[in-house]
Amino acid sequence: MKIKTTSLVLLMVETIMFKVFVLAITLYAAAAQAEEPVRYVGPDKTSNSSYADGYHDGQMRPAIGTQNHQILRANRTHPEWSDGLGWTYNHAPMLAYANRQFYCQYLANPTGEHVPPGVTLLTRSQDGEHWTRPEVLFPIYALAKDADSFEYTVMHQRMGFYLAPNGRFLTMAFYCVNDGNGIGRVVREIYGDDSLGPVYFIRVNDNWNGQVHYARYTESPDAGFVEACQSAVYYLKDFKALPSEPLILDAQDFKHHVDRFNTMEDEPVVNAIPNARAWSWMQANVPLFECSDKDLEEIYYYRWWTYRKHIKDTPDGRVLTEFITPVNHAGPYNTISCALGHHLNEGRWLQDQGLLNEYVLFWLRGRHGGPQSHLHKFSSWLPSALYSRYLVNHDASFLKDLLPDLVKDYEQWETERQLPNGLFWQYDVKDGMEESISGGRRAKNIRPTINSYMIANAQAITAIANMAGQPDLAQTYRQKAETLKGLMLKTLWDAEAQFFKVQFENGQLSDAREAIGYIPWMFNLPEDRHAPAWQQILDPKGFAAPYGLTTAEQRHPKFRTHGTGTCEWDGAVWPFATSQTLMALANVLKFSDQSFVSKQDYFNALLTYARAQHKNGRPYIGEYQDEQTGVWLKGDNPRSRAYNHSTFCDLIISGLIGLCAQSDDTIIIDPLIPANTWDWFALDRIPYHGQSLTILWDRTGEKYLKGKGFSVFVNGQLAAHCPALDKIKGSVNR
């Protein structure tokens with residue numbers, strides 16, 4: 001029988017005297033098909049990890065045809081009958097198949113997970129049924145407290161094995177102490193003859209100042225081992241690798257926001273993270289934000305709370321949904337590509353970037369190894385958003401690996417939507433902007449949307465190709481971007497109206513200014529001569545309205561003439577468009593030489609956006625709303641609840657606070673908060689280039705006790721400072 005695939009099951013048996021953990025492996029008999037032989041397609045099940053009432057089998061029935069083989073039974077009385085230790089807390093098994101055999105590593109402690117000492121053990125099997133006696137893989141790590149005493153550490157891990165691109169097979173684990181401080185992650189190689197290489201630290205935590213018993217992997221004389229470790233670094237999510245405690249803010253001070261949000265609904269739909277676990281997820285993942293405007297602060301946490309609702313576990317990895325309830329035009333798992341760029345822009349600030357890795361791979365490789373069939377159902381700035389994400393997390397390996405997929409995606413768009421004149425056309429509905437003044441569901445117009453996206457995507461591919469050492473490919477896409485940019489700026493700019501517009505199939509420009517005319521600034525494409533267009537966001541006959549920026553100019557005779565309730569883009573306020581326009585406005589203020597708009601205009605528009613996200617006196621984000629009354633135009637339609645179709649937190653972090661992510665080790669903070677507006681604010685525990693940033697403003701120095709002025713800290717160490725709330729520059733290397 002040939003082994004096709006495996007899964008690991010951890011069974012726990014509790015007794016009054018002690019706990020016995022049984023490690024078991026489930027083997028699936030092979031078939032010739034390429035797909036996995038077993039997939040669960042039944043209703044959602046709850047796996048509660050509470051020791052009191054947990055369901056460690058996920059409440060699922062055993063799969064028919066499987067076999068369970070016990071690897072280890074702990075025995076305190078006769079250690080020689082088990083692993084030789086006699087310890088009874090054996091947990092966190094990790095399974096791998098390499099060198100024509102199975103490997104299982106697991107953690108062991110005397111009686112409990114946090115009862116030191118802790119070690120990692122390894123056992124092997126040729127057939128999955130007969131296993132070798134476990135051997136210690138990573139031994140006891142003792143720390144001298146003084147001349148006469150010492151303390152033991154415990155172990156954790158989230159990634160037990162790694163098969164590097166160069167073929168080296170690594171195993172890893174993590175040492176830490178019980179006060180919550182992590183020491184670092186250790187690594188060693190498993191050779192083909194079953195022998196083990198020496199132990200090294202693949203990373204020592206930035207906040208660890210204690211004893212380090214092993215050398216860094218970079219000191220190994222084996223160049224292949226060093227190369228393998230370097231590739232593994234990109235995939236590691238260390239326990240306590242960054243300071244989990246913020247420098248300034250106490251996470252518990254913001255829990256009341258989530259407590260309130262949880263009381264606002266009956267939670268009709270539960271995906272991967274229920275409301276009951278919303279705060280624990282946010283506490284572990286989102287940057288903490290505090291300011292004197294409590295409405296703005298509340299919506300910041302509300303939007304992370306709603307973003308979390310859309311994380312969905314699937315057999316193809318975690319994905320993000322747009323609608324909270326199923327909709328007919330969605331693909332597998334209720335996924336829709338329309339707001340994919342927004343999802344990535346917002347989520348790039350989370351600690352857990354594995355979520356977005358899985359989500360991106362679902363879209364690009366989740367259908368028989370290729371892209372999802374509904375990826376091009378909507379226009380997208382996917383490559384550009386991925387590169388913007390890279391500027392935050394600096395995961396070059398993941399991005400370079402996607403380069404062939406992104407090139408194929410771009411070529412597919414060229415085949416589907418590029419005209420002989422070099423520009424791209426799109427239906428307004430395929431931009432996610434149906435019932436517009438300038439477009440139509442069947443009108444093949446040249447629009448600022450898709451053309452701006454394609455320029456930005458070509459620019460992103462150029463940068464990624466350079467990173468990947470492919471200069472010819474980079475030059476090809478640089479030329480594509482420059483050519484298309486020149487065509488768009490020339491063709492879609494209405495010099496008389498001073499605005500970018502839609503061009504109809506007959507070659508005429510639309511007579512309507514629409515919010516999509518600001519999209520070119522999302523990617524810094526226009527020139528300074530185009531800046532007069534921004535006067536329209538301040539004009540009540542243009543886009544300025546009590547409840548936000550309209551999607552079409554209000555002076556136009558067809559403004560709001562398409563009815564209500566069918567997703568009209570003829571003038572109503574759409575958070576999707578507001579996010580794009582505010583992102584574009586931030587770029588104008590930071591990178592253009594103009595005098596038409598100011599920081600105060602951005603600040604006011606962002607506050608209006610925050611205040612508009614309410615319904616019946618409670619925080620709410622829906623599809624679109626009346627510009628004069630703020631009424632959400634889908635009413636009480638359940639699908640509009642917690643609509644995941646826009647950004648807000650990214651506008652706070654990269655726009656208002658002004659963290660301008662860079663490709664090098666530079667930190668640039670260019671805030672858009674007007675002078676004399678706030679006396680203090682703090683944005684804490686921001687993941688950036690593998691480090692943790694804290695940005696704070698304290699006019700008097702009495703709020704945060706870190707001195708007067710504007711400061712940025714890297715892992716708790718001051719990296720840059722300015723007495724005024726003005727642009728500052730520092731380095732992640734301090």
# chains A, B, ... in the order shown; residues from 1 in each chain; ligands from 1
>>> residues_around(residues="A:Phe225", least_positions_apart="2", cutoff="12 Å", atoms="only C-alpha atoms", output="PyMOL selection string")
chain A and resi 162-171+187-191+197-200+202+216-223+227-232
>>> residues_around(residues="A:His130", least_positions_apart="5", cutoff="10 Å", atoms="only C-alpha atoms", output="VMD selection string")
chain A and resid 69 to 71 124 to 125
>>> write_last_selection(atoms="N, CA and C atoms", output="PDB file, in the first residue's frame")
ATOM      1  N   HIS A  69      -2.825   4.615  14.659  1.00  0.00           N
ATOM      2  CA  HIS A  69      -1.708   3.873  15.240  1.00  0.00           C
ATOM      3  C   HIS A  69      -1.082   4.713  16.341  1.00  0.00           C
ATOM      4  N   GLN A  70      -0.993   4.157  17.521  1.00  0.00           N
ATOM      5  CA  GLN A  70      -0.435   4.874  18.660  1.00  0.00           C
ATOM      6  C   GLN A  70       1.082   4.945  18.550  1.00  0.00           C
ATOM      7  N   ILE A  71       1.610   6.159  18.728  1.00  0.00           N
ATOM      8  CA  ILE A  71       3.058   6.362  18.673  1.00  0.00           C
ATOM      9  C   ILE A  71       3.685   6.191  20.051  1.00  0.00           C
ATOM     10  N   ARG A 124      10.557   8.296  14.477  1.00  0.00           N
ATOM     11  CA  ARG A 124      10.474   8.072  13.035  1.00  0.00           C
ATOM     12  C   ARG A 124       9.703   6.792  12.739  1.00  0.00           C
ATOM     13  N   SER A 125       9.201   6.703  11.492  1.00  0.00           N
ATOM     14  CA  SER A 125       8.500   5.491  11.077  1.00  0.00           C
ATOM     15  C   SER A 125       8.596   5.319   9.573  1.00  0.00           C
TER      16      SER A 125
END
>>> select_by_dssp(residues="stretch 85-179 of chain A", states="strand (DSSP E)", output="ChimeraX atom specification")
/A:89-98,101-109,119-125,135-138,142-144,150-152,154-156,161-163,169-176
>>> residues_around(residues="stretch 626-639 of chain A", least_positions_apart="6", cutoff="7 Å", atoms="only C-alpha atoms", output="PyMOL selection string")
chain A and resi 323-325+545-548+550+564-565+572-573+612
>>> residues_around(residues="A:Ile311", least_positions_apart="4", cutoff="6 Å", atoms="only C-alpha atoms", output="VMD selection string")
chain A and resid 272 319 to 320
>>> residues_around(residues="A:Trp304", least_positions_apart="5", cutoff="8 Å", atoms="only C-alpha atoms", output="PyMOL selection string")
chain A and resi 282+286+649
>>> write_last_selection(atoms="N, CA and C atoms", output="mmCIF file, in the first residue's frame")
data_model
loop_
_atom_site.group_PDB
_atom_site.id
_atom_site.type_symbol
_atom_site.label_atom_id
_atom_site.label_comp_id
_atom_site.auth_asym_id
_atom_site.auth_seq_id
_atom_site.Cartn_x
_atom_site.Cartn_y
_atom_site.Cartn_z
ATOM 1 N N MET A 282 -8.025 40.217 18.482
ATOM 2 C CA MET A 282 -7.571 41.590 18.273
ATOM 3 C C MET A 282 -6.383 41.922 19.156
ATOM 4 N N VAL A 286 -3.827 43.224 16.298
ATOM 5 C CA VAL A 286 -3.968 44.561 15.718
ATOM 6 C C VAL A 286 -3.115 45.587 16.461
ATOM 7 N N CYS A 649 -8.794 51.297 8.947
ATOM 8 C CA CYS A 649 -7.615 51.243 9.816
ATOM 9 C C CYS A 649 -6.346 51.612 9.048
#
>>> select_by_dssp(residues="stretch 255-435 of chain A", states="alpha helix (DSSP H)", output="NGL selection string")
:A and (255-263 or 278-285 or 294-309 or 340-347 or 354-365 or 382-393 or 396-401 or 403-417)
